[in-house]
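Okay, structure first, notes after.
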Amino acid sequence: MKNLFLIIAMLVFAIPALAIRFENGDNVQISTPVNEDIYVAAGAVTVSAIVRGDFFAAGGTITLNDSISGDLVVAGGTITFRGVVMDDVRAAGGSLVISGYIGGDLLVTGGTVTIETGAVIMGDIYVAGGNVRMDGRVMGNLKTGTGEFFLNGSIDKNADLNGGKIHLNGKIGGDAVIACQNLKIEPGASLSGSVRYWTEQGEVDFGNAVKNGTASFDTTLKDRFESPKPQYLGFVTFFGVLGYLIAMFILLALGQRLFGPFFNRTVGTLQAAPMQAFGYGFLYFVVVPVVIVLLFITLVGIPVGLIALTLYILFLTLAHSITALAAAHWLNARQAYHWSFWKTVLAALGILVLLKIVSMIPFVGWLAVFIAVCIVFGAILLNSGLFRSGKTTPTTY
C-alpha cells in the first residue's frame, strides 16, 4: 500500500521542487524585487516591487502597484490592480478594480468587476460577475456571463455577451453575439460588424449603432440563454474549478495549521503498519453506520446517534482532504524534504487533485482511493489514543 502513496507523490513531485518563494502573515508587503515565482497568503497583500516570475496570492485585500513578468493568479475579498502583467491574469474576488496593463488574457470573476479607463488587455478577456463595468480597451475578444454589464470602452475584435442586463455605450470592432434579458443601446454605442441577438424584451432598435453590418434578432439564441452551450459551460466551469481549488487550499491550510503535528505522528503508522491501518479504517467506515442505526433504535441513544451521524458525514465529506494532508506528510518524511508549512499545503493540494482524478476511473480508481482513505483513517484511529499498536512510531522531521 505504501507504493500507492509513492505513485501519488511522483505525479505531484514537481510542485514543491520548483524554485519558489512563500510568504504568509497578517500583512505582507512586497517592497523589494522578487526573482522567482512567489506564493502569498495573508490578510492584506501589497506588491510595490517587480516580480520576475509568476505571482499567486490569496488574501482579504490584495493591491498590486508594480510589475509581474509572468502570470498573475489572485483570489481575495478586494483586489486592486494598477500595475503591469506581461502574461495572463486569473482573478477571483468580491470586488475587483483593474486599471493596469495585461500582456496576455484576462479571466476574472467577482461580485463587482471594474476595468477602468486606461486599462489595456492585449489578449482576450473572459469575465463573469454580478456587476461588471468595462471602460478600458481589449485588443482581443470579449466573452461575458454577468448579472449586469456596462460596456463604455472598446473591444477590438468580437464580443460574446451573456447575462441579465446589458448596456452598450462603447465600441465593438468585430461581430457581436448577445443573449440577455434586457439590452439597452446607449448613444455612444458603435458596432463595426454584424450583430446577432436575443432578448426577453423582444427586438431592440439599434439606431445608427451598427456601422458596417446588420443587427438580426435570432430566436435560436434563446436556447443558448436558457440552456448554455457546452463551450459556454466550460467557461463557467473554469470559475467553478478555480473556486473549488481556492476553497480547498484554504481548508488544507487550516487543517495543516490545526492538526499538522498530529498528521506528523500518523506517518509512523503509515510506514510501519499500513495493512493494520487499512483494517481499522475499513472497520470504521463499515461498523460506524451500523452503530448509528442501533443508537437510533433506542430513545436514549438518539442524541448520541445524531452526534455520531453528524461526525460521520463530516469525515466522509473531508475524507479526500484528510487523506491528501496525511499523504503529504508521509511523502515529506519518506523523502526528508523538510517542507515548510506552505509547501506541505501545496503538496497536499496537488495530491487532492490527483485523488479526485483517480476516483473518476471506473472501479479501479475509486477502489484505489478507498484503500488510501481507509489506510489514513486507520492510522488516525491508531494514533488517537483509542487503540494501542506496538508498530506505531512517531516520525519527526
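Every chain in the C-alpha cells takes a letter, A first, then B, and so on in the order presented; its residues are numbered from 1, and the ligands are numbered from 1 following the presented order.
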
Self-check item: Contact residues around Ile172 in chain A with only C-alpha atoms at 12 Å, ignoring same-chain residues under 3 positions, as a VMD selection string
Solution: chain A and resid 134 137 to 142 151 to 161 168 to 169 175 to 177 188 to 195 209 to 213

Exercise. For Glu23 in chain A, work out the shell of residues within 12 Å, counting only C-alpha atoms and skipping chain neighbours fewer than 4 positions away, then give it as number ranges by chain.
Key: A: 27-30, 34, 37-46, 55-59, 340-343

Quiz item: Do you have the CA of Ala347 in chain A-CA of Thr323 in chain A distance handy?
Solution: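 Taking CA of Ala347 in chain A and CA of Thr323 in chain A, their separation equals 12.0 Å.
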
Exercise. Would you list the contacts of Glu36 in chain A as a list in words, taking every protein, DNA or RNA residue within 12 Å and counting only C-alpha atoms, but skipping same-chain residues closer than 6 positions in sequence?
Key: Leu18, Ala19, Ile20, Arg21, Phe22, Ile50, Val51, Arg52, Gly53, Asp54, Phe55, Phe56, Ile68, Ser69, Gly70 and Asp71 of chain A

Self-check item: Neighbour list for range 311-319 of chain A as a list of chain:residue names, cut-off 10 Å, only C-alpha atoms, skip fewer than 4 positions in-chain
Solution: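 Near neighbours after the sequence-gap exclusion: A:Leu251, A:Tyr284, A:Phe285, A:Val288, A:Pro289, A:Ile292, A:Gly305, A:Leu306, A:Ile307, A:Thr323, A:Ala324, A:Val369, A:Phe370, A:Ala372, A:Val373, A:Cys374, A:Val376, A:Phe377.
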
Using DSSP on the backbone coordinates, identify all residues within range 154-211 of chain A classified as strand (DSSP E or B); present the result as a compact mmCIF listing (two decimals) with N, CA and C atoms, in the first residue's frame.
```txt
# COMPACT_ATOMS: atom_id res chain seq x y z
N SER A 154 -13.69 49.82 -25.32
CA SER A 154 -13.65 49.31 -26.69
C SER A 154 -13.12 47.87 -26.72
N ILE A 155 -13.72 47.10 -27.63
CA ILE A 155 -13.31 45.73 -27.91
C ILE A 155 -12.84 45.69 -29.35
N ALA A 159 -17.26 40.12 -29.74
CA ALA A 159 -17.83 40.11 -28.40
C ALA A 159 -18.94 39.08 -28.31
N ASP A 160 -18.93 38.33 -27.20
CA ASP A 160 -19.95 37.31 -26.92
C ASP A 160 -20.52 37.65 -25.54
N LEU A 161 -21.69 38.26 -25.52
CA LEU A 161 -22.23 38.82 -24.28
C LEU A 161 -23.45 38.02 -23.82
N ASN A 162 -23.41 37.57 -22.57
CA ASN A 162 -24.50 36.80 -21.99
C ASN A 162 -24.79 37.35 -20.60
N GLY A 163 -26.06 37.52 -20.25
CA GLY A 163 -26.34 38.00 -18.92
C GLY A 163 -27.75 38.49 -18.73
N GLY A 164 -27.93 39.24 -17.63
CA GLY A 164 -29.24 39.79 -17.31
C GLY A 164 -29.47 41.08 -18.08
N LYS A 165 -28.87 42.18 -17.59
CA LYS A 165 -28.99 43.47 -18.27
C LYS A 165 -27.65 43.85 -18.91
N ILE A 166 -27.71 44.28 -20.16
CA ILE A 166 -26.50 44.69 -20.88
C ILE A 166 -26.69 46.10 -21.41
N HIS A 167 -25.73 46.98 -21.09
CA HIS A 167 -25.76 48.37 -21.55
C HIS A 167 -24.58 48.58 -22.51
N LEU A 168 -24.86 48.91 -23.75
CA LEU A 168 -23.82 49.14 -24.74
C LEU A 168 -23.64 50.63 -24.99
N LYS A 171 -17.41 50.56 -28.01
CA LYS A 171 -17.14 50.11 -29.37
C LYS A 171 -16.81 48.62 -29.40
N ILE A 172 -17.34 47.94 -30.41
CA ILE A 172 -17.00 46.55 -30.70
C ILE A 172 -16.51 46.51 -32.13
N ALA A 176 -20.73 40.65 -33.03
CA ALA A 176 -21.24 40.53 -31.67
C ALA A 176 -22.39 39.53 -31.63
N VAL A 177 -22.38 38.71 -30.57
CA VAL A 177 -23.48 37.79 -30.29
C VAL A 177 -23.97 38.12 -28.88
N ILE A 178 -25.26 38.40 -28.73
CA ILE A 178 -25.79 38.86 -27.46
C ILE A 178 -27.03 38.05 -27.09
N ALA A 179 -27.04 37.53 -25.87
CA ALA A 179 -28.21 36.83 -25.35
C ALA A 179 -28.42 37.31 -23.92
N CYS A 180 -29.55 37.98 -23.67
CA CYS A 180 -29.75 38.58 -22.34
C CYS A 180 -31.24 38.82 -22.09
N GLN A 181 -31.53 39.23 -20.88
CA GLN A 181 -32.91 39.58 -20.55
C GLN A 181 -33.27 40.96 -21.08
N ASN A 182 -32.35 41.90 -20.91
CA ASN A 182 -32.65 43.29 -21.29
C ASN A 182 -31.41 43.91 -21.93
N LEU A 183 -31.57 44.53 -23.08
CA LEU A 183 -30.47 45.15 -23.81
C LEU A 183 -30.79 46.62 -24.04
N LYS A 184 -29.83 47.48 -23.68
CA LYS A 184 -30.02 48.91 -23.86
C LYS A 184 -28.89 49.47 -24.72
N ILE A 185 -29.24 50.14 -25.81
CA ILE A 185 -28.26 50.74 -26.71
C ILE A 185 -28.11 52.22 -26.35
N SER A 190 -21.08 51.71 -30.72
CA SER A 190 -20.60 51.61 -32.09
C SER A 190 -20.18 50.17 -32.34
N LEU A 191 -20.88 49.48 -33.25
CA LEU A 191 -20.62 48.07 -33.54
C LEU A 191 -20.24 47.95 -35.01
N VAL A 195 -24.40 41.82 -35.97
CA VAL A 195 -24.88 41.55 -34.61
C VAL A 195 -26.03 40.54 -34.68
N ARG A 196 -25.88 39.46 -33.91
CA ARG A 196 -26.99 38.53 -33.70
C ARG A 196 -27.36 38.64 -32.23
N TYR A 197 -28.65 38.76 -31.96
CA TYR A 197 -29.03 38.97 -30.57
C TYR A 197 -30.39 38.36 -30.27
N TRP A 198 -30.61 38.12 -28.99
CA TRP A 198 -31.93 37.72 -28.49
C TRP A 198 -32.10 38.32 -27.11
N THR A 199 -33.24 38.87 -26.83
CA THR A 199 -33.55 39.39 -25.51
C THR A 199 -34.96 38.97 -25.12
N VAL A 210 -24.98 50.16 -35.41
CA VAL A 210 -24.35 49.14 -36.25
C VAL A 210 -23.83 49.83 -37.51
```

Using only C-alpha atoms, find each residue in range 124-171 of chain A having at least one atom no more than 7 Å away from range 114-117 of chain A; report its shortest atom-to-atom pair and that distance in Å (one decimal), rows by chain then rising number, as JSON lines.
```
{"residue": "A:Val132", "atom": "CA", "partner": "A:Thr114", "partner_atom": "CA", "distance": 5.9}
{"residue": "A:Arg133", "atom": "CA", "partner": "A:Thr114", "partner_atom": "CA", "distance": 4.8}
{"residue": "A:Met134", "atom": "CA", "partner": "A:Ile115", "partner_atom": "CA", "distance": 5.0}
{"residue": "A:Asp135", "atom": "CA", "partner": "A:Thr117", "partner_atom": "CA", "distance": 4.9}
{"residue": "A:Gly136", "atom": "CA", "partner": "A:Thr117", "partner_atom": "CA", "distance": 4.5}
```
